[in-house]
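Shown below: final_3.txt, with compact mmCIF, C-alpha atoms and all ligand atoms.
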# COMPACT_ATOMS: atom_id res chain seq x y z
CA MET A 1 0.00 0.00 0.00
CA ARG A 2 2.86 2.31 0.83
CA ASN A 3 4.32 1.76 -2.63
CA GLN A 4 0.93 2.39 -4.14
CA ILE A 5 0.71 5.78 -2.46
CA ASN A 6 4.22 6.72 -3.45
CA ARG A 7 3.30 5.81 -7.00
CA LEU A 8 0.23 7.96 -6.71
CA THR A 9 2.29 10.94 -5.57
CA LEU A 10 4.85 10.31 -8.27
CA THR A 11 2.20 10.09 -10.99
CA ALA A 12 0.67 13.31 -9.72
CA LEU A 13 4.04 15.05 -9.80
CA LEU A 14 4.85 13.79 -13.29
CA LEU A 15 1.45 14.83 -14.55
CA MET A 16 1.77 18.19 -12.94
CA SER A 17 5.09 18.88 -14.57
CA SER A 18 3.81 17.82 -17.99
CA PHE A 19 0.69 19.95 -17.66
CA VAL A 20 2.51 23.04 -16.52
CA VAL A 21 3.52 25.03 -19.53
CA HIS A 22 3.99 28.44 -18.05
CA CYS A 23 5.69 28.96 -14.73
CA ALA A 24 6.96 32.22 -13.26
CA THR A 25 9.69 32.58 -10.66
CA PRO A 26 8.84 30.84 -7.38
CA ASP A 27 9.18 33.91 -5.14
CA SER A 28 6.74 36.10 -7.05
CA GLY A 29 3.65 35.47 -4.92
CA VAL A 30 0.60 33.75 -6.37
CA VAL A 31 1.51 32.08 -9.66
CA PHE A 32 -1.01 30.79 -12.20
CA ASN A 33 0.04 27.85 -14.36
CA LYS A 34 -1.32 27.62 -17.88
CA LEU A 35 -3.26 24.44 -18.69
CA THR A 36 -4.87 25.46 -22.00
CA ASP A 37 -5.07 28.69 -24.04
CA THR A 38 -7.72 30.04 -21.68
CA LEU A 39 -7.48 27.97 -18.49
CA TYR A 40 -5.05 28.57 -15.63
CA VAL A 41 -4.66 27.17 -12.14
CA THR A 42 -2.73 28.41 -9.15
CA MET A 43 -1.56 25.95 -6.55
CA ASN A 44 0.27 28.38 -4.29
CA ASN A 45 -2.67 30.56 -3.35
CA GLN A 46 -3.00 31.31 0.40
CA GLY A 47 -6.18 29.25 0.52
CA ALA A 48 -7.37 26.56 -1.84
CA ASN A 49 -6.29 26.07 -5.45
CA VAL A 50 -7.97 28.57 -7.77
CA GLY A 51 -8.91 28.03 -11.42
CA MET A 52 -9.09 30.92 -13.86
CA LEU A 53 -10.71 31.12 -17.29
CA VAL A 54 -9.65 34.11 -19.32
CA GLY A 55 -12.13 35.19 -21.98
CA GLU A 56 -11.89 38.00 -24.52
CA LYS A 57 -13.72 40.43 -22.28
CA ALA A 58 -13.60 39.04 -18.75
CA ILE A 59 -12.29 36.51 -16.27
CA LEU A 60 -14.05 33.68 -14.42
CA LEU A 61 -12.59 32.17 -11.24
CA ILE A 62 -13.26 28.77 -9.74
CA ASP A 63 -13.05 29.35 -5.97
CA ALA A 64 -11.59 32.44 -4.38
CA GLY A 65 -9.86 31.16 -1.30
CA ALA A 66 -8.19 33.57 1.08
CA LYS A 67 -7.37 32.55 4.62
CA ARG A 68 -6.24 35.90 5.98
CA PRO A 69 -6.66 39.60 5.20
CA GLY A 70 -4.43 40.48 2.24
CA ASN A 71 -4.63 37.02 0.66
CA ALA A 72 -7.32 38.07 -1.84
CA GLN A 73 -5.17 41.04 -2.88
CA ALA A 74 -2.26 38.65 -3.42
CA LEU A 75 -4.51 36.41 -5.50
CA LEU A 76 -5.52 39.43 -7.59
CA LYS A 77 -1.85 40.25 -8.16
CA GLY A 78 -1.36 36.72 -9.48
CA ILE A 79 -4.37 37.15 -11.78
CA ARG A 80 -3.02 40.47 -13.05
CA LYS A 81 0.23 38.81 -14.13
CA ILE A 82 -1.91 36.98 -16.72
CA SER A 83 -4.72 39.40 -17.59
CA ASN A 84 -6.07 42.86 -16.80
CA LYS A 85 -9.65 42.02 -17.71
CA PRO A 86 -12.43 42.45 -15.17
CA ILE A 87 -13.32 39.48 -12.96
CA LYS A 88 -16.91 38.76 -13.88
CA TYR A 89 -17.72 35.47 -12.15
CA VAL A 90 -16.56 33.44 -9.18
CA LEU A 91 -17.83 29.84 -8.87
CA ASN A 92 -17.58 28.37 -5.36
CA THR A 93 -17.08 24.63 -4.79
CA HIS A 94 -18.34 24.96 -1.17
CA TYR A 95 -18.63 27.45 1.66
CA HIS A 96 -15.41 26.71 3.61
CA PHE A 97 -13.43 29.92 4.10
CA ASP A 98 -10.30 28.73 2.29
CA HIS A 99 -12.49 28.51 -0.85
CA THR A 100 -14.75 31.54 -0.33
CA GLY A 101 -12.58 33.95 1.69
CA GLY A 102 -12.03 36.11 -1.40
CA ASN A 103 -15.78 36.39 -2.20
CA PRO A 104 -16.28 39.81 -0.55
CA PHE A 105 -13.19 41.21 -2.26
CA PHE A 106 -14.17 40.04 -5.76
CA ALA A 107 -17.86 40.85 -5.23
CA ALA A 108 -16.84 44.41 -4.36
CA MET A 109 -15.00 44.50 -7.69
CA GLY A 110 -18.24 43.60 -9.45
CA ALA A 111 -17.99 39.82 -9.74
CA THR A 112 -21.10 37.66 -9.62
CA ILE A 113 -20.63 34.78 -7.17
CA ILE A 114 -22.28 31.46 -8.05
CA ALA A 115 -22.71 28.62 -5.55
CA GLN A 116 -24.99 25.80 -4.48
CA GLN A 117 -28.09 27.04 -2.68
CA GLN A 118 -27.04 25.87 0.81
CA MET A 119 -24.33 28.55 0.62
CA ARG A 120 -26.95 31.02 1.73
CA TYR A 121 -26.23 30.02 5.32
CA SER A 122 -22.62 31.07 5.02
CA THR A 123 -21.32 34.53 5.83
CA ARG A 124 -19.83 34.94 2.34
CA PRO A 125 -21.57 37.04 -0.26
CA HIS A 126 -22.99 35.19 -3.25
CA HIS A 127 -25.52 36.14 -5.88
CA LEU A 128 -26.67 33.16 -7.92
CA ARG A 129 -27.56 29.86 -6.32
CA PHE A 130 -28.37 26.55 -7.95
CA LYS A 131 -29.94 23.41 -6.54
CA GLN A 132 -28.69 20.38 -8.48
CA GLN A 133 -26.93 21.56 -11.59
CA PHE A 134 -25.87 24.79 -13.22
CA SER A 135 -24.46 25.34 -16.72
CA MET A 136 -22.97 28.32 -18.48
CA SER A 137 -20.78 29.18 -21.44
CA PHE A 138 -17.76 31.36 -20.93
CA ALA A 139 -14.57 31.98 -22.95
CA GLY A 140 -15.60 29.33 -25.49
CA GLU A 141 -15.87 26.81 -22.66
CA GLU A 142 -18.90 24.82 -21.51
CA ILE A 143 -19.02 24.88 -17.72
CA SER A 144 -21.23 22.63 -15.60
CA MET A 145 -21.51 22.65 -11.82
CA PHE A 146 -23.00 19.64 -10.05
CA HIS A 147 -24.20 19.45 -6.45
CA VAL A 148 -22.38 16.53 -4.77
CA PRO A 149 -23.13 16.64 -1.02
CA GLY A 150 -20.33 14.83 0.78
CA HIS A 151 -17.51 16.92 2.14
CA THR A 152 -20.16 19.57 2.94
CA LYS A 153 -23.88 19.81 2.33
CA ASP A 154 -23.25 22.41 -0.39
CA SER A 155 -20.24 20.79 -2.12
CA ALA A 156 -20.12 21.08 -5.90
CA ILE A 157 -17.76 19.94 -8.63
CA VAL A 158 -17.15 22.03 -11.73
CA PHE A 159 -16.54 20.42 -15.12
CA LEU A 160 -15.07 22.25 -18.12
CA SER A 161 -15.90 20.00 -21.04
CA LYS A 162 -13.60 21.48 -23.69
CA ALA A 163 -10.59 21.59 -21.41
CA ASN A 164 -11.64 18.18 -20.04
CA ALA A 165 -10.87 19.49 -16.56
CA LEU A 166 -12.78 18.72 -13.37
CA PHE A 167 -12.43 21.05 -10.38
CA MET A 168 -13.35 19.06 -7.30
CA GLY A 169 -12.94 21.47 -4.38
CA ASP A 170 -12.51 19.42 -1.20
CA SER A 171 -14.45 16.44 -2.52
CA TYR A 172 -11.00 15.08 -3.39
CA SER A 173 -7.36 15.70 -2.56
CA PRO A 174 -4.38 13.55 -3.54
CA ASP A 175 -2.65 14.30 -0.21
CA MET A 176 -5.49 14.04 2.26
CA LEU A 177 -8.62 12.12 3.05
CA MET A 178 -10.83 15.17 3.31
CA TYR A 179 -13.39 15.83 5.97
CA GLU A 180 -15.99 13.07 5.67
CA GLY A 181 -19.05 15.30 5.98
CA VAL A 182 -22.58 14.63 7.00
CA GLU A 183 -23.39 12.10 4.26
CA GLY A 184 -20.53 9.74 5.15
CA LYS A 185 -19.82 6.87 2.77
CA ALA A 186 -23.00 7.36 0.72
CA GLY A 187 -22.06 10.95 -0.13
CA TYR A 188 -18.51 10.08 -1.20
CA ASP A 189 -19.68 7.08 -3.25
CA GLN A 190 -22.18 9.18 -5.17
CA MET A 191 -19.71 11.99 -5.65
CA VAL A 192 -17.01 9.69 -7.08
CA GLU A 193 -19.57 8.04 -9.35
CA LYS A 194 -20.50 11.47 -10.71
CA ALA A 195 -16.83 12.47 -11.14
CA MET A 196 -16.08 9.21 -12.95
CA SER A 197 -19.04 9.69 -15.30
CA LEU A 198 -17.67 13.10 -16.33
CA THR A 199 -14.03 12.17 -16.81
CA ASN A 200 -11.82 9.81 -18.80
CA HIS A 201 -8.16 8.80 -18.59
CA GLN A 202 -7.12 12.08 -20.24
CA SER A 203 -9.01 14.35 -17.86
CA ARG A 204 -7.24 16.68 -15.51
CA ILE A 205 -8.63 16.53 -12.01
CA ILE A 206 -7.93 19.66 -10.04
CA PRO A 207 -8.30 19.17 -6.28
CA GLY A 208 -9.01 21.96 -3.79
CA HIS A 209 -5.61 21.22 -2.22
CA GLY A 210 -2.69 19.37 -3.77
CA ALA A 211 -1.42 18.60 -7.24
CA ILE A 212 -3.36 18.04 -10.45
CA SER A 213 -4.42 14.41 -10.68
CA THR A 214 -6.00 11.86 -12.99
CA ALA A 215 -9.18 9.81 -12.78
CA SER A 216 -7.14 6.80 -11.65
CA ASP A 217 -5.62 8.86 -8.80
CA LEU A 218 -9.14 9.75 -7.71
CA LYS A 219 -10.23 6.12 -7.91
CA ARG A 220 -7.24 4.95 -5.85
CA SER A 221 -7.77 7.61 -3.22
CA HIS A 222 -11.41 6.55 -2.99
CA GLU A 223 -10.37 2.91 -2.51
CA ILE A 224 -8.00 3.93 0.31
CA ARG A 225 -10.85 5.89 1.92
CA ASP A 226 -13.10 2.82 1.71
CA LEU A 227 -10.46 0.58 3.30
CA TYR A 228 -9.70 3.11 6.04
CA ARG A 229 -13.38 3.73 6.79
CA ALA A 230 -14.13 0.00 6.96
CA ARG A 231 -11.20 -0.59 9.33
CA VAL A 232 -12.21 2.32 11.59
CA GLY A 233 -15.80 1.02 11.69
CA GLN A 234 -14.69 -2.52 12.53
CA LEU A 235 -12.53 -1.37 15.44
CA TYR A 236 -15.06 1.17 16.68
CA GLN A 237 -17.69 -1.56 16.82
CA LYS A 238 -15.26 -3.65 18.87
CA GLY A 239 -15.24 -0.84 21.40
CA TRP A 240 -11.95 0.83 20.52
CA SER A 241 -11.58 4.58 21.16
CA ALA A 242 -10.82 6.96 18.28
CA GLN A 243 -7.37 7.55 19.81
CA ARG A 244 -6.58 3.83 19.89
CA ILE A 245 -7.86 3.36 16.33
CA PHE A 246 -5.75 6.29 15.15
CA GLU A 247 -2.60 4.87 16.74
CA ASP A 248 -3.16 1.34 15.48
CA LYS A 249 -0.35 0.28 13.12
CA GLN A 250 -2.55 -1.63 10.73
CA THR A 251 -4.96 1.31 10.45
CA LYS A 252 -2.06 3.69 9.81
CA ALA A 253 -0.65 1.38 7.16
CA ILE A 254 -3.78 1.82 5.04
CA LEU A 255 -2.96 5.50 4.66
CA GLY A 256 0.74 4.85 4.06
CA SER A 257 2.96 7.90 4.02
CA GLY A 258 1.33 9.84 1.18
CA ILE A 259 -2.00 10.70 2.73
CA THR A 260 -2.49 12.75 5.84
CA TYR A 261 -5.25 14.53 7.66
CA TYR A 262 -5.60 16.47 10.88
CA GLY A 263 -4.35 13.52 12.91
CA LEU A 264 -6.96 12.16 15.26
CA ARG A 265 -9.67 14.12 13.46
CA LEU A 266 -9.76 11.59 10.64
CA PRO A 267 -11.03 8.58 12.62
CA GLN A 268 -13.18 10.92 14.74
CA ASP A 269 -14.86 12.34 11.62
CA ILE A 270 -15.33 8.92 10.08
CA ILE A 271 -16.90 7.53 13.26
CA GLU A 272 -19.16 10.55 13.65
CA SER A 273 -20.30 10.50 10.03
CA ASN A 274 -20.80 6.76 9.64
CA PHE A 275 -20.98 4.70 12.78
CA ILE A 276 -22.62 6.56 15.65
CA LYS A 277 -26.24 5.53 15.97
CA ALA A 278 -28.75 8.24 16.79
CA PHE A 279 -31.00 8.00 19.85
CA GLU A 280 -34.30 6.97 18.33
CA LEU A 281 -36.98 9.62 18.16
CA THR A 282 -40.20 9.43 16.22
CA SER A 283 -41.00 11.94 13.50
CA ALA A 284 -43.51 13.59 15.86
CA GLN A 285 -40.85 13.84 18.60
CA LEU A 286 -38.40 15.42 16.16
CA SER A 287 -40.89 17.86 14.70
CA ARG A 288 -41.59 19.57 18.03
CA PHE A 289 -38.08 21.06 17.85
CA GLU A 290 -38.77 22.61 14.45
CA GLY A 291 -39.04 26.37 14.41
CA VAL A 292 -37.15 29.63 14.62
CA TYR A 293 -35.06 30.51 17.67
CA VAL A 294 -33.78 34.01 18.36
CA SER A 295 -30.72 34.79 20.48
CA GLN A 296 -30.14 38.01 22.44
CA ASP A 297 -28.18 39.60 19.61
CA GLY A 298 -31.13 39.03 17.26
CA ILE A 299 -29.47 36.26 15.23
CA THR A 300 -31.93 33.58 14.20
CA THR A 301 -31.38 29.83 14.22
CA GLU A 302 -33.74 27.67 12.27
CA ILE A 303 -34.42 24.00 12.96
CA PHE A 304 -36.25 21.97 10.35
CA GLU A 305 -36.81 18.36 9.39
CA GLU A 306 -35.37 17.07 6.14
CA ASP A 307 -35.59 13.41 5.09
CA GLY A 308 -36.40 12.31 8.63
CA LYS A 309 -33.46 14.21 10.12
CA LEU A 310 -33.22 17.54 11.92
CA VAL A 311 -31.11 20.24 10.33
CA ILE A 312 -29.86 23.34 12.12
CA ARG A 313 -28.91 26.53 10.32
CA ARG A 314 -27.81 29.74 11.89
CA GLN A 315 -28.16 32.90 9.89
CA GLY A 316 -24.82 33.89 8.35
CA SER A 317 -22.99 31.25 10.32
CA PHE A 318 -23.42 27.52 9.74
CA LEU A 319 -25.54 24.63 8.57
CA ALA A 320 -25.32 21.18 10.14
CA GLU A 321 -27.33 18.09 10.88
CA LEU A 322 -28.57 17.32 14.38
CA ARG A 323 -28.22 13.77 15.64
CA ALA A 324 -30.22 12.88 18.75
CA MET A 325 -28.17 11.71 21.74
CA SER A 326 -31.12 11.75 24.15
CA ALA A 327 -34.71 12.97 24.07
CA THR A 328 -33.58 16.62 24.22
CA SER A 329 -29.87 16.78 23.36
CA PHE A 330 -28.27 16.61 19.92
CA ASP A 331 -24.82 16.38 18.39
CA LEU A 332 -23.92 18.55 15.38
CA VAL A 333 -22.84 16.42 12.43
CA GLY A 334 -21.09 17.87 9.40
CA PHE A 335 -19.52 20.61 11.46
CA PRO A 336 -15.80 20.37 10.87
CA PHE A 337 -12.96 20.79 13.34
CA VAL A 338 -15.27 20.77 16.32
CA GLN A 339 -15.72 18.09 18.95
CA GLN A 340 -18.02 17.87 21.96
CA GLU A 341 -20.34 20.48 20.55
CA GLU A 342 -24.00 20.01 21.26
CA VAL A 343 -27.43 21.52 21.20
CA ASN A 344 -29.68 21.06 24.22
CA PHE A 345 -33.33 21.98 24.14
CA VAL A 346 -35.09 23.33 27.19
CA VAL A 347 -38.57 21.85 27.45
CA SER A 348 -41.29 23.09 29.83
CA LYS A 349 -43.13 20.82 32.24
CA GLN A 350 -46.03 20.88 29.80
CA GLY A 351 -43.72 19.54 27.08
CA ALA A 352 -43.35 22.75 25.06
CA VAL A 353 -39.91 23.43 23.56
CA GLU A 354 -38.83 26.82 24.94
CA LYS A 355 -35.24 27.42 23.87
CA LEU A 356 -32.09 25.89 22.51
CA VAL A 357 -28.68 26.10 24.12
CA LEU A 358 -25.70 25.71 21.81
CA SER A 359 -22.47 24.76 23.54
CA ILE A 360 -19.21 24.71 21.60
CA PRO A 361 -15.87 24.27 23.38
CA HIS A 362 -13.82 25.65 20.49
CA ARG A 363 -15.86 28.45 19.08
CA PHE A 364 -13.45 29.67 16.41
CA VAL A 365 -14.67 27.61 13.51
CA LEU A 366 -13.96 28.08 9.82
CA ASN A 367 -12.28 31.42 10.46
CA GLN A 368 -15.18 32.89 12.39
CA TRP A 369 -16.46 32.98 15.93
CA ILE A 370 -19.58 30.96 16.46
CA VAL A 371 -21.89 32.56 18.98
CA ALA A 372 -22.78 29.90 21.51
CA GLY A 373 -25.52 30.33 24.10
CA ASP A 374 -29.27 30.50 24.40
CA ALA A 375 -31.84 31.21 21.74
CA VAL A 376 -35.54 31.49 22.56
CA LYS A 377 -38.13 29.75 20.40
CA LYS A 378 -40.48 32.05 18.57
CA PRO A 379 -44.09 31.26 19.36
ZN ZN B 401 -13.47 22.24 2.64
Represent the structure of the file as C-alpha cells.
Ligand SMILES: [Zn+2]
Amino acid sequence: MRNQINRLTLTALLLMSSFVVHCATPDSGVVFNKLTDTLYVTMNNQGANVGMLVGEKAILLIDAGAKRPGNAQALLKGIRKISNKPIKYVLNTHYHFDHTGGNPFFAAMGATIIAQQQMRYSTRPHHLRFKQQFSMSFAGEEISMFHVPGHTKDSAIVFLSKANALFMGDSYSPDMLMYEGVEGKAGYDQMVEKAMSLTNHQSRIIPGHGAISTASDLKRSHEIRDLYRARVGQLYQKGWSAQRIFEDKQTKAILGSGITYYGLRLPQDIIESNFIKAFELTSAQLSRFEGVYVSQDGITTEIFEEDGKLVIRRQGSFLAELRAMSATSFDLVGFPFVQQEEVNFVVSKQGAVEKLVLSIPHRFVLNQWIVAGDAVKKP
C-alpha cells in the first residue's frame, strides 16, 4: 500500500510537470500555471487552489480562497500577471473559508458569485444559487456545476468539457482524506460516481488542495478511503476509542505515508459520520423542535426536518445536521474541526420546547467565531 501511495504521488508530480507550460519565478507570490489557451490554475494561493478562465472580455474564477486579510489582494496580483480584464464570475465549490474567503473582495470589484443554494447560510456574499446543476458558457468553454453533497452539504464539482478538466474542491485531494461530511460513505460514493461519469483517462482533475491528478488517482484515493473507513468502523464496533484506532499500526498502514489529515480528526470524523447511531426519536418527537429561535443579539437559528433528520442553520454562520443523543440533546454532524459540541433543548413541564442552548468548546470555527448560548423559540 505504501508503494501504491508513493506511485500515486509520483504520478501526480509527473502529470503536474507535464501539464505546466507556463511557470513564473517561485518567489513572485501567487503564480497561475497555464493548462490550456484560456485555463489557468494556481496551486500556491493562500487558501485553496484557484482556477481561472480568461475570456476575450472578462475573467471567471473557480473558488476564491483567502485565509487571511491580504490574501485576496495577493490572489488578484497573481491574476493580473496573466490578464487585466475584469473578474466577472466566481464559482464556489463549497462554503469553507479557504475557498470563499475572497468572495467579498471580488464581489466588491463587481464579480457575480455562483454557488450551491445551501451557501446562503454562510457569511460569504454570493448572488446566484443553484440546486442540483448549473451550466454556463464562458470563454468558449462549456461549464457545468453539479451538487455533490459529501464533504459539505453544499459541495459542488465544476466540469469544463472542452478543457476536459474537473475542479473538485474538497471532494478530493491527492494528499489528504478530506473531511468526511454529513453524508458519510454514501455521499462520497455518489460523488465519485459522478466524477467518474464526467471524466476519462485524459481528464485533468484539479483538487481543492494538492497537485493536479487523474481519474485513476481519484479512484485509488477513494479505494483507500473505503479501506480506512471500513477498518475504523470494525474497530469502533469492537469498542476501541478513536485515539486507539488512530494509533493502530494496521490502520495507519492503510494511509501509508502519502496521505495525511488532521491527525486524530480523521477517525473521529469517520466515526461521527458513519458509525454513531442516533438515539431513536419518532418523527412527531423530532418535529416539536422545528421552528425559529432568536438569540439576544437578534441572530436567528432555524431547525427543520429534512428526510427524517433535523437540520440546524444559523443565519450567516453555519448549517449542520442534528443527531439525537437523548430525548432533548443533539450532536452537530457535518460541522468540521469541532468536537463535543452540542445543542440542548429546554422543554417546559407541559412539554413545550422553549429554547435551545448551543455549547461549543472551540468556538473559532472556519475562520469565524460561532456565537454559543441561548436562543428562545419564537411562538
Ligand atoms: Zn473544505
Check your understanding: What is the atom CA of A:Lys153 to atom CA of A:Ile312 distance in Å?
Key ->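 Pair atom CA of A:Lys153 / atom CA of A:Ile312 returns 12.0 Å.
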Test item: residues no farther than 12 Å from ligand ZN 401 (chain B), counting all atoms listed in the file, as an mmCIF file with C-alpha atoms, keeping the file's coordinate frame:
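What landed in out_17.cif:
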data_model
loop_
_atom_site.group_PDB
_atom_site.id
_atom_site.type_symbol
_atom_site.label_atom_id
_atom_site.label_comp_id
_atom_site.auth_asym_id
_atom_site.auth_seq_id
_atom_site.Cartn_x
_atom_site.Cartn_y
_atom_site.Cartn_z
ATOM 1 C CA GLY A 47 -6.180 29.250 0.520
ATOM 2 C CA ALA A 48 -7.370 26.560 -1.840
ATOM 3 C CA ASN A 49 -6.290 26.070 -5.450
ATOM 4 C CA ASP A 63 -13.050 29.350 -5.970
ATOM 5 C CA GLY A 65 -9.860 31.160 -1.300
ATOM 6 C CA ASN A 92 -17.580 28.370 -5.360
ATOM 7 C CA THR A 93 -17.080 24.630 -4.790
ATOM 8 C CA HIS A 94 -18.340 24.960 -1.170
ATOM 9 C CA TYR A 95 -18.630 27.450 1.660
ATOM 10 C CA HIS A 96 -15.410 26.710 3.610
ATOM 11 C CA PHE A 97 -13.430 29.920 4.100
ATOM 12 C CA ASP A 98 -10.300 28.730 2.290
ATOM 13 C CA HIS A 99 -12.490 28.510 -0.850
ATOM 14 C CA THR A 100 -14.750 31.540 -0.330
ATOM 15 C CA GLY A 101 -12.580 33.950 1.690
ATOM 16 C CA PRO A 149 -23.130 16.640 -1.020
ATOM 17 C CA GLY A 150 -20.330 14.830 0.780
ATOM 18 C CA HIS A 151 -17.510 16.920 2.140
ATOM 19 C CA THR A 152 -20.160 19.570 2.940
ATOM 20 C CA LYS A 153 -23.880 19.810 2.330
ATOM 21 C CA ASP A 154 -23.250 22.410 -0.390
ATOM 22 C CA SER A 155 -20.240 20.790 -2.120
ATOM 23 C CA ALA A 156 -20.120 21.080 -5.900
ATOM 24 C CA MET A 168 -13.350 19.060 -7.300
ATOM 25 C CA GLY A 169 -12.940 21.470 -4.380
ATOM 26 C CA ASP A 170 -12.510 19.420 -1.200
ATOM 27 C CA SER A 171 -14.450 16.440 -2.520
ATOM 28 C CA TYR A 172 -11.000 15.080 -3.390
ATOM 29 C CA SER A 173 -7.360 15.700 -2.560
ATOM 30 C CA MET A 176 -5.490 14.040 2.260
ATOM 31 C CA LEU A 177 -8.620 12.120 3.050
ATOM 32 C CA MET A 178 -10.830 15.170 3.310
ATOM 33 C CA TYR A 179 -13.390 15.830 5.970
ATOM 34 C CA GLU A 180 -15.990 13.070 5.670
ATOM 35 C CA GLY A 181 -19.050 15.300 5.980
ATOM 36 C CA PRO A 207 -8.300 19.170 -6.280
ATOM 37 C CA GLY A 208 -9.010 21.960 -3.790
ATOM 38 C CA HIS A 209 -5.610 21.220 -2.220
ATOM 39 C CA GLY A 334 -21.090 17.870 9.400
ATOM 40 C CA PHE A 335 -19.520 20.610 11.460
ATOM 41 C CA PRO A 336 -15.800 20.370 10.870
ATOM 42 C CA PHE A 337 -12.960 20.790 13.340
ATOM 43 C CA LEU A 366 -13.960 28.080 9.820
#
Point to revise | Residues within 7 Å of stretch 264-279 of chain A, only C-alpha atoms, excluding chain neighbours under 6 positions, as a VMD selection string | key: chain A and resid 179 to 185 229 232 to 233 242 to 243 246 323 to 326 333
Test item: which residues lie within 12 Å of (-43.1, 16.6, 17.7) counting all atoms listed in the file, as an mmCIF file with C-alpha atoms, in the frame of the given file:
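Generated file (selection.cif):
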data_model
loop_
_atom_site.group_PDB
_atom_site.id
_atom_site.type_symbol
_atom_site.label_atom_id
_atom_site.label_comp_id
_atom_site.auth_asym_id
_atom_site.auth_seq_id
_atom_site.Cartn_x
_atom_site.Cartn_y
_atom_site.Cartn_z
ATOM 1 C CA LEU A 281 -36.980 9.620 18.160
ATOM 2 C CA THR A 282 -40.200 9.430 16.220
ATOM 3 C CA SER A 283 -41.000 11.940 13.500
ATOM 4 C CA ALA A 284 -43.510 13.590 15.860
ATOM 5 C CA GLN A 285 -40.850 13.840 18.600
ATOM 6 C CA LEU A 286 -38.400 15.420 16.160
ATOM 7 C CA SER A 287 -40.890 17.860 14.700
ATOM 8 C CA ARG A 288 -41.590 19.570 18.030
ATOM 9 C CA PHE A 289 -38.080 21.060 17.850
ATOM 10 C CA GLU A 290 -38.770 22.610 14.450
ATOM 11 C CA GLY A 291 -39.040 26.370 14.410
ATOM 12 C CA PHE A 304 -36.250 21.970 10.350
ATOM 13 C CA GLU A 305 -36.810 18.360 9.390
ATOM 14 C CA LEU A 310 -33.220 17.540 11.920
ATOM 15 C CA ALA A 327 -34.710 12.970 24.070
ATOM 16 C CA THR A 328 -33.580 16.620 24.220
ATOM 17 C CA VAL A 347 -38.570 21.850 27.450
ATOM 18 C CA GLY A 351 -43.720 19.540 27.080
ATOM 19 C CA ALA A 352 -43.350 22.750 25.060
ATOM 20 C CA VAL A 353 -39.910 23.430 23.560
#
Point to revise | Residues within 6 Å of (-9.3, 27.6, -17.1), file coords, all atoms listed in the file, listed as a ChimeraX atom specification | key: /A:38-40,51-53
Write out, as a compact mmCIF listing (two decimals), keeping the file's coordinate frame, the residues just selected, with C-alpha atoms.
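File again-v8.txt, as written:
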# COMPACT_ATOMS: atom_id res chain seq x y z
CA THR A 38 -7.72 30.04 -21.68
CA LEU A 39 -7.48 27.97 -18.49
CA TYR A 40 -5.05 28.57 -15.63
CA GLY A 51 -8.91 28.03 -11.42
CA MET A 52 -9.09 30.92 -13.86
CA LEU A 53 -10.71 31.12 -17.29
Exercise for review: Would you work out the distance separating atom CA of A:Leu358 from atom CA of A:Ser241, expressed in Å to one decimal?
Suggested key: 25.4 Å
Check your understanding: Using only C-alpha atoms, which residues sit within 12 Å of A:Asn84 once same-chain residues fewer than 2 positions away are excluded, as a list in words?
Key -> Val54, Gly55, Glu56, Lys57, Ala58, Ile59, Leu76, Lys77, Gly78, Ile79, Arg80, Lys81, Ile82, Pro86, Ile87 and Lys88 of chain A
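The interatomic distance for the pair atom CA of A:Glu193 and atom CA of A:Thr251 works out to 25.5 Å.
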**Study point:** Closest of A:Asp331, A:Asn45, A:Arg231, A:Ala115 to A:Lys249 - atom-to-atom distances counting all atoms listed in the file
**Key:** A:Arg231
**Study point:** Nearest residue to A:Ala74 from the set A:Gln46, A:Ser359, A:Leu255, A:Val311 (distances using all atoms listed in the file)
**Key:** A:Gln46
Review point. A:Gly210, A:Gly308, A:Pro125, A:Gly239: which is nearest A:Asp175, counting only C-alpha atoms?
Key: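 When distances to A:Asp175 are compared using only C-alpha atoms, the smallest one comes from A:Gly210.
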Review point. When distances are computed from only C-alpha atoms, which of A:Leu332, A:Ser144, A:Thr42, A:Ile370 shows the smallest separation from A:Gln315?
Key: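 Selected residue with least distance to A:Gln315: A:Ile370.
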Practice item. Would you kindly return, as a PyMOL selection string, each protein, DNA or RNA residue with an atom no farther than 12 Å from any atom of A:Asp297, considering only C-alpha atoms and excluding same-chain residues fewer than 5 positions away? Key: chain A and resi 315+371-376
Take the residues that were just selected and, keeping C-alpha atoms, output them as a CSV table (one decimal), in the frame of the given file.
chain,number,residue,atom,x,y,z
A,315,GLN,CA,-28.2,32.9,9.9
A,371,VAL,CA,-21.9,32.6,19.0
A,372,ALA,CA,-22.8,29.9,21.5
A,373,GLY,CA,-25.5,30.3,24.1
A,374,ASP,CA,-29.3,30.5,24.4
A,375,ALA,CA,-31.8,31.2,21.7
A,376,VAL,CA,-35.5,31.5,22.6
Practice item. Please provide the set of residues having any atom within 10 Å of A:Tyr293, restricted to all atoms listed in the file, with same-chain residues fewer than 4 positions apart removed, written as a PyMOL selection string. Key: chain A and resi 289+298-303+314+354-356+374-379
Check your understanding: Using all atoms listed in the file, which of A:Ser221, A:Asn44, A:Ser213, A:Gln202 sits nearest A:Tyr188?
Key -> A:Ser221
